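So this one's work28.cif, mmCIF, C-alpha atoms and all ligand atoms:
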data_work
loop_
_atom_site.label_atom_id
_atom_site.label_comp_id
_atom_site.auth_asym_id
_atom_site.auth_seq_id
_atom_site.Cartn_x
_atom_site.Cartn_y
_atom_site.Cartn_z
CA MET P 1 0.00 0.00 0.00
CA ILE P 2 1.16 3.54 -0.67
CA ASN P 3 1.76 5.65 2.44
CA GLU P 4 1.05 8.96 0.71
CA LEU P 5 -2.53 9.98 1.40
CA PRO P 6 -4.08 12.70 -0.73
CA GLN P 7 -4.40 15.95 1.12
CA LYS P 8 -8.10 16.59 1.28
CA GLN P 9 -8.18 20.35 1.40
CA LEU P 10 -5.92 20.60 -1.64
CA VAL P 11 -8.13 18.17 -3.52
CA ALA P 12 -11.33 19.98 -2.54
CA ASP P 13 -9.94 23.42 -3.42
CA SER P 14 -8.47 22.28 -6.67
CA PHE P 15 -11.64 20.54 -7.90
CA GLY P 16 -13.76 23.42 -6.61
CA ARG P 17 -11.80 25.85 -8.75
CA ALA P 18 -11.98 23.48 -11.73
CA ALA P 19 -15.78 23.12 -11.69
CA ALA P 20 -16.54 25.75 -14.35
CA HIS P 21 -14.30 24.33 -17.10
CA TYR P 22 -13.94 20.67 -16.10
CA ASP P 23 -16.47 19.43 -18.68
CA ASP P 24 -14.48 21.01 -21.54
CA VAL P 25 -11.70 18.45 -21.08
CA ALA P 26 -13.28 15.52 -19.18
CA LEU P 27 -13.12 13.17 -22.13
CA LEU P 28 -11.81 10.12 -20.26
CA GLN P 29 -14.28 10.69 -17.42
CA ARG P 30 -17.19 10.58 -19.88
CA GLN P 31 -15.88 7.39 -21.49
CA THR P 32 -15.44 5.54 -18.20
CA ALA P 33 -18.83 6.73 -16.93
CA ASP P 34 -20.49 5.42 -20.10
CA GLU P 35 -18.67 2.12 -19.64
CA LEU P 36 -19.99 1.87 -16.07
CA LEU P 37 -23.50 2.75 -17.19
CA GLU P 38 -23.34 0.09 -19.91
CA ARG P 39 -22.25 -2.47 -17.34
CA LEU P 40 -25.41 -1.67 -15.42
CA ASP P 41 -27.37 -3.26 -18.28
CA LEU P 42 -26.06 -6.59 -17.02
CA VAL P 43 -27.14 -6.07 -13.42
CA LYS P 44 -30.75 -6.30 -12.32
CA ILE P 45 -31.28 -3.74 -9.60
CA LYS P 46 -34.17 -1.49 -8.61
CA PRO P 47 -32.45 1.01 -6.36
CA LYS P 48 -34.51 3.33 -4.19
CA ARG P 49 -31.54 5.44 -3.11
CA ILE P 50 -28.46 6.05 -5.26
CA VAL P 51 -25.29 7.88 -4.26
CA ASP P 52 -23.18 9.42 -7.01
CA LEU P 53 -19.94 9.55 -5.05
CA GLY P 54 -17.62 12.32 -6.20
CA VAL P 55 -20.39 13.62 -8.44
CA GLY P 56 -18.15 16.26 -10.01
CA THR P 57 -20.04 18.51 -12.42
CA GLY P 58 -23.02 16.15 -12.32
CA ARG P 59 -22.98 14.89 -15.89
CA ASN P 60 -24.02 11.40 -14.73
CA LEU P 61 -26.91 12.44 -12.48
CA ASP P 62 -29.28 12.89 -15.40
CA LEU P 63 -28.23 9.55 -16.93
CA LEU P 64 -28.76 7.77 -13.62
CA SER P 65 -32.15 9.43 -13.15
CA LYS P 66 -33.24 8.31 -16.64
CA ARG P 67 -32.15 4.76 -15.89
CA TYR P 68 -33.73 4.67 -12.44
CA PRO P 69 -36.53 7.28 -12.53
CA GLU P 70 -37.98 6.18 -9.21
CA ALA P 71 -34.75 6.43 -7.26
CA GLN P 72 -33.74 9.23 -4.95
CA LEU P 73 -30.35 10.53 -6.08
CA ILE P 74 -27.78 11.78 -3.58
CA ALA P 75 -24.84 13.67 -5.01
CA VAL P 76 -21.79 13.67 -2.75
CA ASP P 77 -18.57 15.56 -3.35
CA ILE P 78 -15.75 16.91 -1.23
CA ALA P 79 -15.65 20.09 -3.35
CA THR P 80 -18.59 22.44 -2.80
CA GLY P 81 -17.78 24.17 -6.11
CA MET P 82 -18.45 20.86 -7.86
CA LEU P 83 -21.78 20.38 -6.04
CA LYS P 84 -22.91 23.85 -7.12
CA GLN P 85 -21.99 23.02 -10.71
CA ALA P 86 -23.73 19.61 -10.46
CA LYS P 87 -26.94 21.30 -9.31
CA GLN P 88 -26.82 23.69 -12.26
CA THR P 89 -26.04 20.89 -14.74
CA TYR P 90 -28.98 18.83 -13.48
CA ARG P 91 -31.35 21.80 -13.82
CA GLU P 92 -30.21 22.38 -17.41
CA GLN P 93 -30.39 18.70 -18.35
CA GLN P 94 -33.84 18.14 -16.87
CA GLY P 95 -35.32 21.43 -18.10
CA LEU P 96 -39.00 21.79 -17.25
CA LYS P 97 -39.24 18.09 -16.36
CA ARG P 98 -37.73 18.90 -13.02
CA TRP P 99 -41.02 20.53 -11.97
CA LEU P 100 -43.06 17.36 -12.52
CA PRO P 101 -44.41 16.00 -9.23
CA THR P 102 -42.85 12.61 -10.05
CA ASN P 103 -39.38 14.14 -10.43
CA ASN P 104 -37.11 13.26 -7.53
CA LYS P 105 -34.71 16.15 -7.23
CA PRO P 106 -31.26 15.04 -6.08
CA TYR P 107 -29.90 15.94 -2.67
CA TYR P 108 -26.46 17.54 -2.72
CA LEU P 109 -24.15 16.70 0.17
CA ALA P 110 -20.67 18.01 0.81
CA GLY P 111 -18.75 15.06 2.18
CA ASP P 112 -15.71 12.86 2.11
CA ALA P 113 -15.83 9.34 0.68
CA GLU P 114 -13.76 8.28 3.68
CA ASN P 115 -16.33 9.62 6.13
CA LEU P 116 -19.69 9.65 4.40
CA PRO P 117 -22.44 11.85 5.80
CA LEU P 118 -24.94 9.02 5.41
CA ALA P 119 -26.60 6.51 7.73
CA ASP P 120 -25.61 2.84 7.98
CA ASN P 121 -27.46 0.47 5.60
CA SER P 122 -29.24 3.30 3.85
CA VAL P 123 -28.13 3.13 0.21
CA ASP P 124 -29.00 0.67 -2.58
CA PHE P 125 -26.42 1.73 -5.12
CA VAL P 126 -23.13 3.64 -4.96
CA PHE P 127 -21.86 4.89 -8.33
CA ALA P 128 -18.32 6.29 -8.22
CA ASN P 129 -16.74 7.27 -11.51
CA LEU P 130 -13.05 8.21 -11.22
CA THR P 131 -13.37 9.42 -7.64
CA LEU P 132 -11.75 6.75 -5.50
CA GLN P 133 -8.21 7.36 -6.83
CA TRP P 134 -8.32 10.47 -4.64
CA CYS P 135 -9.09 8.44 -1.53
CA ASP P 136 -7.57 5.88 0.76
CA PRO P 137 -9.12 2.63 -0.52
CA ARG P 138 -9.42 1.00 2.91
CA ALA P 139 -11.26 3.94 4.44
CA SER P 140 -13.50 4.58 1.44
CA PHE P 141 -14.55 0.97 0.84
CA ALA P 142 -15.23 0.55 4.56
CA GLU P 143 -17.52 3.58 4.35
CA ILE P 144 -19.20 2.34 1.19
CA GLN P 145 -19.85 -0.98 2.90
CA ARG P 146 -21.23 0.79 5.99
CA VAL P 147 -23.78 2.83 4.06
CA LEU P 148 -24.74 0.07 1.60
CA LYS P 149 -27.69 -2.17 2.34
CA ALA P 150 -26.84 -5.88 2.40
CA ASP P 151 -28.01 -6.35 -1.19
CA GLY P 152 -26.73 -2.94 -2.28
CA LEU P 153 -24.30 -2.52 -5.17
CA VAL P 154 -21.16 -0.44 -5.57
CA MET P 155 -19.92 0.16 -9.10
CA PHE P 156 -16.84 2.25 -9.71
CA SER P 157 -13.90 3.13 -11.88
CA THR P 158 -10.57 4.27 -10.52
CA LEU P 159 -7.02 4.76 -11.80
CA GLY P 160 -4.16 2.27 -11.63
CA PRO P 161 -0.39 2.81 -11.42
CA ASP P 162 0.31 2.86 -15.18
CA THR P 163 -1.66 6.09 -15.37
CA LEU P 164 0.34 8.95 -16.90
CA TYR P 165 3.50 6.87 -16.89
CA GLU P 166 4.86 8.88 -19.83
CA LEU P 167 4.61 12.09 -17.83
CA ARG P 168 6.02 10.45 -14.70
CA ARG P 169 9.05 9.12 -16.65
CA SER P 170 9.60 12.43 -18.39
CA TRP P 171 9.64 14.30 -15.07
CA ALA P 172 12.03 11.70 -13.64
CA GLN P 173 14.57 12.96 -16.17
CA VAL P 174 14.23 16.51 -14.89
CA ASP P 175 14.31 16.22 -11.08
CA ASP P 176 13.70 13.83 -8.19
CA TYR P 177 10.35 15.25 -7.05
CA PRO P 178 7.11 13.29 -7.54
CA HIS P 179 5.14 15.29 -10.11
CA VAL P 180 2.44 12.74 -10.87
CA ASN P 181 0.11 11.28 -8.24
CA MET P 182 0.60 7.68 -7.19
CA PHE P 183 -2.26 5.29 -7.88
CA TYR P 184 -3.20 2.07 -6.15
CA ASP P 185 -2.75 -1.25 -7.86
CA MET P 186 -5.82 -3.35 -8.67
CA HIS P 187 -4.70 -5.84 -6.02
CA ASP P 188 -4.60 -3.12 -3.36
CA VAL P 189 -8.11 -2.15 -4.38
CA GLY P 190 -9.25 -5.78 -4.20
CA GLU P 191 -7.65 -6.19 -0.81
CA ALA P 192 -9.36 -3.07 0.54
CA MET P 193 -12.73 -4.27 -0.80
CA THR P 194 -12.25 -7.67 0.77
CA GLU P 195 -11.27 -6.15 4.10
CA ALA P 196 -14.41 -4.05 3.92
CA ALA P 197 -16.36 -7.31 3.60
CA LEU P 198 -17.85 -6.44 0.24
CA THR P 199 -18.96 -9.57 -1.60
CA GLY P 200 -19.15 -10.87 -5.18
CA MET P 201 -16.28 -8.60 -6.12
CA VAL P 202 -15.32 -8.29 -9.79
CA LEU P 203 -12.37 -6.17 -10.96
CA ASP P 204 -10.81 -5.58 -14.34
CA ALA P 205 -8.40 -3.09 -15.85
CA ASP P 206 -8.18 -1.45 -19.23
CA HIS P 207 -5.79 1.05 -20.78
CA TYR P 208 -7.06 4.23 -22.41
CA ILE P 209 -4.74 6.43 -24.43
CA LEU P 210 -5.47 10.09 -24.97
CA THR P 211 -3.32 11.98 -27.46
CA TYR P 212 -1.89 15.47 -27.36
CA SER P 213 0.10 17.65 -29.71
CA THR P 214 2.42 18.76 -26.89
CA ALA P 215 3.19 17.74 -23.32
CA MET P 216 2.19 21.27 -22.28
CA ALA P 217 -1.30 20.65 -23.66
CA LEU P 218 -1.60 17.54 -21.47
CA MET P 219 -0.40 19.40 -18.38
CA LYS P 220 -2.86 22.22 -19.09
CA ASP P 221 -5.74 19.72 -19.35
CA LEU P 222 -4.76 18.17 -16.01
CA LYS P 223 -4.88 21.63 -14.48
CA VAL P 224 -8.28 22.42 -15.99
CA LEU P 225 -9.58 19.09 -14.64
CA GLY P 226 -8.42 20.06 -11.15
CA ALA P 227 -6.22 16.94 -11.08
CA ARG P 228 -3.33 18.49 -9.22
CA ASN P 229 -0.26 16.90 -7.74
CA VAL P 230 -1.05 16.08 -4.11
CA ASN P 231 2.08 14.07 -3.30
CA ARG P 232 3.38 15.10 0.10
CA GLY P 233 6.95 15.17 -1.22
CA ARG P 234 6.02 17.33 -4.21
CA ARG P 235 8.09 20.35 -5.12
CA ARG P 236 6.55 23.47 -3.55
CA GLY P 237 6.08 26.71 -5.44
CA LEU P 238 5.89 27.39 -9.13
CA THR P 239 7.63 25.09 -11.57
CA GLY P 240 10.35 26.99 -13.43
CA LYS P 241 10.25 27.63 -17.17
CA GLU P 242 13.46 25.68 -17.66
CA ALA P 243 12.06 22.58 -15.92
CA LEU P 244 8.90 22.76 -18.01
CA GLU P 245 10.95 22.96 -21.19
CA LYS P 246 13.03 19.97 -20.11
CA VAL P 247 9.99 17.83 -19.31
CA GLN P 248 8.49 18.68 -22.69
CA GLN P 249 11.68 17.63 -24.41
CA ALA P 250 11.82 14.36 -22.46
CA TYR P 251 8.18 13.62 -23.33
CA GLU P 252 9.05 13.89 -27.05
CA ALA P 253 10.64 10.41 -26.78
CA PHE P 254 7.07 9.02 -26.63
CA ARG P 255 5.92 10.76 -29.82
CA GLN P 256 4.33 8.38 -32.32
CA ASP P 257 2.42 9.17 -35.51
CA ASN P 258 2.99 12.82 -34.75
CA VAL P 259 1.10 12.77 -31.43
CA LEU P 260 2.03 12.32 -27.79
CA PRO P 261 0.19 9.56 -25.92
CA ALA P 262 -1.04 9.90 -22.34
CA THR P 263 -1.91 6.50 -20.92
CA TYR P 264 -4.59 5.97 -18.30
CA GLU P 265 -4.97 2.60 -16.58
CA VAL P 266 -8.59 2.41 -15.57
CA VAL P 267 -9.68 -0.15 -13.00
CA PHE P 268 -13.37 -1.01 -13.10
CA GLY P 269 -15.06 -2.83 -10.27
CA HIS P 270 -18.28 -3.77 -8.64
CA ALA P 271 -19.32 -5.63 -5.51
CA TRP P 272 -22.23 -6.08 -3.18
CA GLY P 273 -22.76 -5.08 0.41
CA GLY P 274 -23.23 -7.87 2.90
CA LYS P 275 -21.40 -10.10 5.25
CA LYS P 276 -17.70 -10.88 5.02
CA ALA P 277 -17.21 -13.69 2.51
CA GLN P 278 -13.44 -13.87 2.12
CA THR P 279 -11.49 -14.02 5.33
CA MET P 280 -7.91 -13.22 6.09
CA SER P 281 -5.54 -16.16 6.44
CA GLU P 282 -3.19 -16.54 9.42
CA ASP P 283 -0.29 -14.72 7.74
CA GLY P 284 -2.59 -11.72 7.14
CA SER P 285 -2.90 -12.27 3.39
CA ILE P 286 -6.25 -12.28 1.66
CA ASN P 287 -7.01 -14.66 -1.15
CA ILE P 288 -9.04 -13.22 -3.95
CA PRO P 289 -10.09 -15.91 -6.42
CA ILE P 290 -8.30 -15.32 -9.71
CA SER P 291 -11.66 -15.61 -11.46
CA GLN P 292 -12.59 -12.33 -9.82
CA ILE P 293 -9.69 -10.38 -11.25
CA ILE P 294 -9.47 -9.86 -14.97
CA ARG P 295 -6.85 -7.87 -16.83
CA LYS P 296 -7.77 -7.11 -20.42
C1 LIG A 1 -12.17 13.17 -11.70
S1 LIG A 1 -13.53 13.88 -10.88
C2 LIG A 1 -14.85 12.79 -11.37
C3 LIG A 1 -16.19 13.47 -11.29
C4 LIG A 1 -17.40 12.69 -11.78
N1 LIG A 1 -17.58 11.47 -11.03
C5 LIG A 1 -17.31 12.42 -13.26
O1 LIG A 1 -17.60 11.29 -13.66
O2 LIG A 1 -17.03 13.34 -14.03
C6 LIG A 1 -13.28 13.42 -9.19
C7 LIG A 1 -14.32 14.03 -8.24
O3 LIG A 1 -14.14 13.41 -6.96
C8 LIG A 1 -14.22 14.41 -5.97
N2 LIG A 1 -13.49 13.92 -4.79
C9 LIG A 1 -12.15 13.82 -4.62
N3 LIG A 1 -11.87 13.32 -3.41
C10 LIG A 1 -13.06 13.08 -2.80
C11 LIG A 1 -13.42 12.55 -1.53
N4 LIG A 1 -12.50 12.17 -0.64
N5 LIG A 1 -14.73 12.45 -1.23
C12 LIG A 1 -15.69 12.85 -2.12
N6 LIG A 1 -15.40 13.35 -3.34
C13 LIG A 1 -14.12 13.46 -3.68
C14 LIG A 1 -13.62 15.64 -6.61
O4 LIG A 1 -13.97 16.84 -5.98
C15 LIG A 1 -14.15 15.52 -8.03
O5 LIG A 1 -15.39 16.17 -8.18
#
Could you express the structure from this file as structure tokens?
Amino acid sequence: MINELPQKQLVADSFGRAAAHYDDVALLQRQTADELLERLDLVKIKPKRIVDLGVGTGRNLDLLSKRYPEAQLIAVDIATGMLKQAKQTYREQQGLKRWLPTNNKPYYLAGDAENLPLADNSVDFVFANLTLQWCDPRASFAEIQRVLKADGLVMFSTLGPDTLYELRRSWAQVDDYPHVNMFYDMHDVGEAMTEAALTGMVLDADHYILTYSTAMALMKDLKVLGARNVNRGRRRGLTGKEALEKVQQAYEAFRQDNVLPATYEVVFGHAWGGKKAQTMSEDGSINIPISQIIRK
């Protein structure tokens, strides 16, 4: 497990500031959300209460409400700026429909995935698209398990350690500071889910490659997304022009077909609430059946 925990205030401030322009560049986030929503076709659930955890700008609230019109949606995010944006997005997407008596308006809650402002056994479905990479997996899956009903479902996507490896390697040629966040391995995620006593766990990973004309364009997009470097050992203060030029030069080694790739390892998973099914063995290790972990 990685010892570096994201620093919550930095994350909240950074995403809060990003809320207005996030959607302009959230291409990967839309793709992984659509993948999660498609996977829901294969699961028969009739949720009464759904939490969109780390709702961001709220793009998925409308899609969830169309899929489950009878459900009460609860949008949770650590960044109040994001919640404000999510409320506005939902209003625009629903238009006049939001005034229908049958329309369940979402609740918007400022809260931390590691300490959810929700009662035990109160939620039927937790949807978390690209949120949990900002959280400690043990704490957040324990919380998800606490709030989920026994037959409740959690479905999520998160980022794995190959994410932005080109940028990480390019920076490594410039200085010794960590410039790219560290991400948990799929096995760490599985272990945290098992410890949280989630059941019927399924995990798989896929690589997505976005392309950029320059490394600067990638770094700008990360800034617009609010995805800032929260490593505790990060270099403080502004990054110098010279360092930025050097990292851009180093990134050129990855250029192919006239574009620069930015790899994202996306881990998808789902599991059910309920009693502990897999127990720890005497040496403290947890056995996850190989059939439950798929790497594409
Ligand atoms: C990459 S965005 C994804 C947003 C949205 N789920 C989507 O699909 O576009 C990550 C979101 O998680 C939120 N977040 C980060 N850490 C969080 C935490 N500990 N608890 C709740 N939300 C968190 C951020 O504020 C941000 O809105």
Determine the nearest neighbour of P:Ala75 from the options P:Ala119, P:Leu40, P:Asp34, P:Phe127, counting all atoms listed in the file.
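Answer, going by the shortest atom-to-atom distance: P:Phe127.
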Would you write out, as a tab-separated table, a table of all residues in stretch 184-210 of chain P that have an atom no more than 8 Å from an atom of stretch 147-164 of chain P, listing for each the closest atom pair and the distance in Å to one decimal, considering only C-alpha atoms and ordering rows by chain and rising residue number?
residue	atom	partner	partner_atom	distance
P:Tyr184	CA	P:Gly160	CA	5.6
P:Asp185	CA	P:Gly160	CA	5.3
P:Met186	CA	P:Gly160	CA	6.6
Please, which residues have at least one atom within 6 Å of an atom of ligand LIG 1 (chain A), using all atoms listed in the file, listed as a count of residues only?
21
In Å, how far is it from atom CA of P:Ser14 to atom CA of P:Gly81?
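Between these atoms lies a distance of 9.5 Å.
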Quick one: distance from atom CA of P:Met201 to atom CA of P:Thr57 in Å, one decimal?
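So the two atoms, atom CA of P:Met201 and atom CA of P:Thr57, lie 28.1 Å apart.
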One-decimal distance in Å that lies between atom CA of P:Gly273 and atom CA of P:Ala197:
7.5 Å
Given the choices P:Thr102, P:Thr211, P:Gln72, P:Gln249, which gets closest to P:Val51 if the distance is worked out from only C-alpha atoms?
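Closest candidate: P:Gln72.
Every protein, DNA or RNA residue with an atom at most 12 Å from P:Gln256, where all atoms listed in the file count and chain neighbours fewer than 6 positions away do not, is listed here: Thr211, Tyr212, Ser213, Thr214 and Ala262 of chain P.
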From the list P:Lys97, P:Arg30, P:Arg17, P:Lys220, the nearest residue to P:Gln85 using all atoms listed in the file is P:Arg17
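Minimum atom-to-atom distances from P:His207, P:His21, P:His187, P:His179 to P:Leu244 were compared using all atoms listed in the file, and the lowest value belongs to P:His179.
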Shortest contact to P:Asn121, candidates P:Val76, P:Asp176, P:Val11, P:Arg49, atoms counted all atoms listed in the file, goes to P:Arg49
Excluding same-chain residues fewer than 5 positions from P:Val224, what lies within 8 Å of it counting only C-alpha atoms, as a PyMOL selection string?
chain P and resi 18+21-22+25
What's around P:Lys46 at 9 Å? Count only C-alpha atoms, leave out sequence neighbours fewer than 4 positions away in its own chain, and write the answer as a list in words.
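Result of the neighbour search: Tyr68, Glu70, Ala71 and Asp124 of chain P.
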Which of these residues is nearest to P:Lys8, using all atoms listed in the file: P:Lys246, P:Arg255, P:Arg91, P:Arg228?
P:Arg228
Can stretch 130-152 of chain P be brought up to N, CA and C atoms and written out as a PDB file, in the coordinates of the input?
ATOM      1  N   LEU P 130     -14.348   7.518 -11.336  1.00  0.00           N
ATOM      2  CA  LEU P 130     -13.050   8.210 -11.220  1.00  0.00           C
ATOM      3  C   LEU P 130     -12.983   9.164 -10.025  1.00  0.00           C
ATOM      4  N   THR P 131     -13.430   8.662  -8.899  1.00  0.00           N
ATOM      5  CA  THR P 131     -13.370   9.420  -7.640  1.00  0.00           C
ATOM      6  C   THR P 131     -12.401   8.765  -6.659  1.00  0.00           C
ATOM      7  N   LEU P 132     -12.435   7.433  -6.618  1.00  0.00           N
ATOM      8  CA  LEU P 132     -11.750   6.750  -5.500  1.00  0.00           C
ATOM      9  C   LEU P 132     -10.226   6.814  -5.589  1.00  0.00           C
ATOM     10  N   GLN P 133      -9.686   7.210  -6.748  1.00  0.00           N
ATOM     11  CA  GLN P 133      -8.210   7.360  -6.830  1.00  0.00           C
ATOM     12  C   GLN P 133      -7.733   8.513  -5.966  1.00  0.00           C
ATOM     13  N   TRP P 134      -8.669   9.347  -5.504  1.00  0.00           N
ATOM     14  CA  TRP P 134      -8.320  10.470  -4.640  1.00  0.00           C
ATOM     15  C   TRP P 134      -8.440  10.093  -3.170  1.00  0.00           C
ATOM     16  N   CYS P 135      -8.755   8.841  -2.907  1.00  0.00           N
ATOM     17  CA  CYS P 135      -9.090   8.440  -1.530  1.00  0.00           C
ATOM     18  C   CYS P 135      -8.249   7.255  -1.101  1.00  0.00           C
ATOM     19  N   ASP P 136      -8.182   7.081   0.216  1.00  0.00           N
ATOM     20  CA  ASP P 136      -7.570   5.880   0.760  1.00  0.00           C
ATOM     21  C   ASP P 136      -8.555   4.724   0.538  1.00  0.00           C
ATOM     22  N   PRO P 137      -8.138   3.667  -0.177  1.00  0.00           N
ATOM     23  CA  PRO P 137      -9.120   2.630  -0.520  1.00  0.00           C
ATOM     24  C   PRO P 137      -9.698   1.913   0.701  1.00  0.00           C
ATOM     25  N   ARG P 138      -8.885   1.702   1.725  1.00  0.00           N
ATOM     26  CA  ARG P 138      -9.420   1.000   2.910  1.00  0.00           C
ATOM     27  C   ARG P 138     -10.546   1.799   3.543  1.00  0.00           C
ATOM     28  N   ALA P 139     -10.268   3.096   3.758  1.00  0.00           N
ATOM     29  CA  ALA P 139     -11.260   3.940   4.440  1.00  0.00           C
ATOM     30  C   ALA P 139     -12.506   4.107   3.568  1.00  0.00           C
ATOM     31  N   SER P 140     -12.317   4.303   2.259  1.00  0.00           N
ATOM     32  CA  SER P 140     -13.500   4.580   1.440  1.00  0.00           C
ATOM     33  C   SER P 140     -14.352   3.330   1.220  1.00  0.00           C
ATOM     34  N   PHE P 141     -13.712   2.166   1.018  1.00  0.00           N
ATOM     35  CA  PHE P 141     -14.550   0.970   0.840  1.00  0.00           C
ATOM     36  C   PHE P 141     -15.224   0.565   2.155  1.00  0.00           C
ATOM     37  N   ALA P 142     -14.571   0.829   3.272  1.00  0.00           N
ATOM     38  CA  ALA P 142     -15.230   0.550   4.560  1.00  0.00           C
ATOM     39  C   ALA P 142     -16.480   1.424   4.710  1.00  0.00           C
ATOM     40  N   GLU P 143     -16.368   2.682   4.289  1.00  0.00           N
ATOM     41  CA  GLU P 143     -17.520   3.580   4.350  1.00  0.00           C
ATOM     42  C   GLU P 143     -18.619   3.167   3.377  1.00  0.00           C
ATOM     43  N   ILE P 144     -18.202   2.774   2.183  1.00  0.00           N
ATOM     44  CA  ILE P 144     -19.200   2.340   1.190  1.00  0.00           C
ATOM     45  C   ILE P 144     -19.953   1.129   1.741  1.00  0.00           C
ATOM     46  N   GLN P 145     -19.221   0.202   2.309  1.00  0.00           N
ATOM     47  CA  GLN P 145     -19.850  -0.980   2.900  1.00  0.00           C
ATOM     48  C   GLN P 145     -20.803  -0.590   4.029  1.00  0.00           C
ATOM     49  N   ARG P 146     -20.396   0.362   4.857  1.00  0.00           N
ATOM     50  CA  ARG P 146     -21.230   0.790   5.990  1.00  0.00           C
ATOM     51  C   ARG P 146     -22.573   1.352   5.522  1.00  0.00           C
ATOM     52  N   VAL P 147     -22.536   2.178   4.468  1.00  0.00           N
ATOM     53  CA  VAL P 147     -23.780   2.830   4.060  1.00  0.00           C
ATOM     54  C   VAL P 147     -24.631   1.943   3.136  1.00  0.00           C
ATOM     55  N   LEU P 148     -23.993   0.933   2.518  1.00  0.00           N
ATOM     56  CA  LEU P 148     -24.740   0.070   1.600  1.00  0.00           C
ATOM     57  C   LEU P 148     -25.661  -0.878   2.356  1.00  0.00           C
ATOM     58  N   LYS P 149     -26.838  -1.104   1.798  1.00  0.00           N
ATOM     59  CA  LYS P 149     -27.690  -2.170   2.340  1.00  0.00           C
ATOM     60  C   LYS P 149     -27.044  -3.516   1.972  1.00  0.00           C
ATOM     61  N   ALA P 150     -27.487  -4.570   2.616  1.00  0.00           N
ATOM     62  CA  ALA P 150     -26.840  -5.880   2.400  1.00  0.00           C
ATOM     63  C   ALA P 150     -26.868  -6.304   0.937  1.00  0.00           C
ATOM     64  N   ASP P 151     -27.953  -5.968   0.228  1.00  0.00           N
ATOM     65  CA  ASP P 151     -28.010  -6.350  -1.190  1.00  0.00           C
ATOM     66  C   ASP P 151     -27.690  -5.145  -2.089  1.00  0.00           C
ATOM     67  N   GLY P 152     -27.067  -4.130  -1.501  1.00  0.00           N
ATOM     68  CA  GLY P 152     -26.730  -2.940  -2.280  1.00  0.00           C
ATOM     69  C   GLY P 152     -25.493  -3.161  -3.145  1.00  0.00           C
TER      70      GLY P 152
END
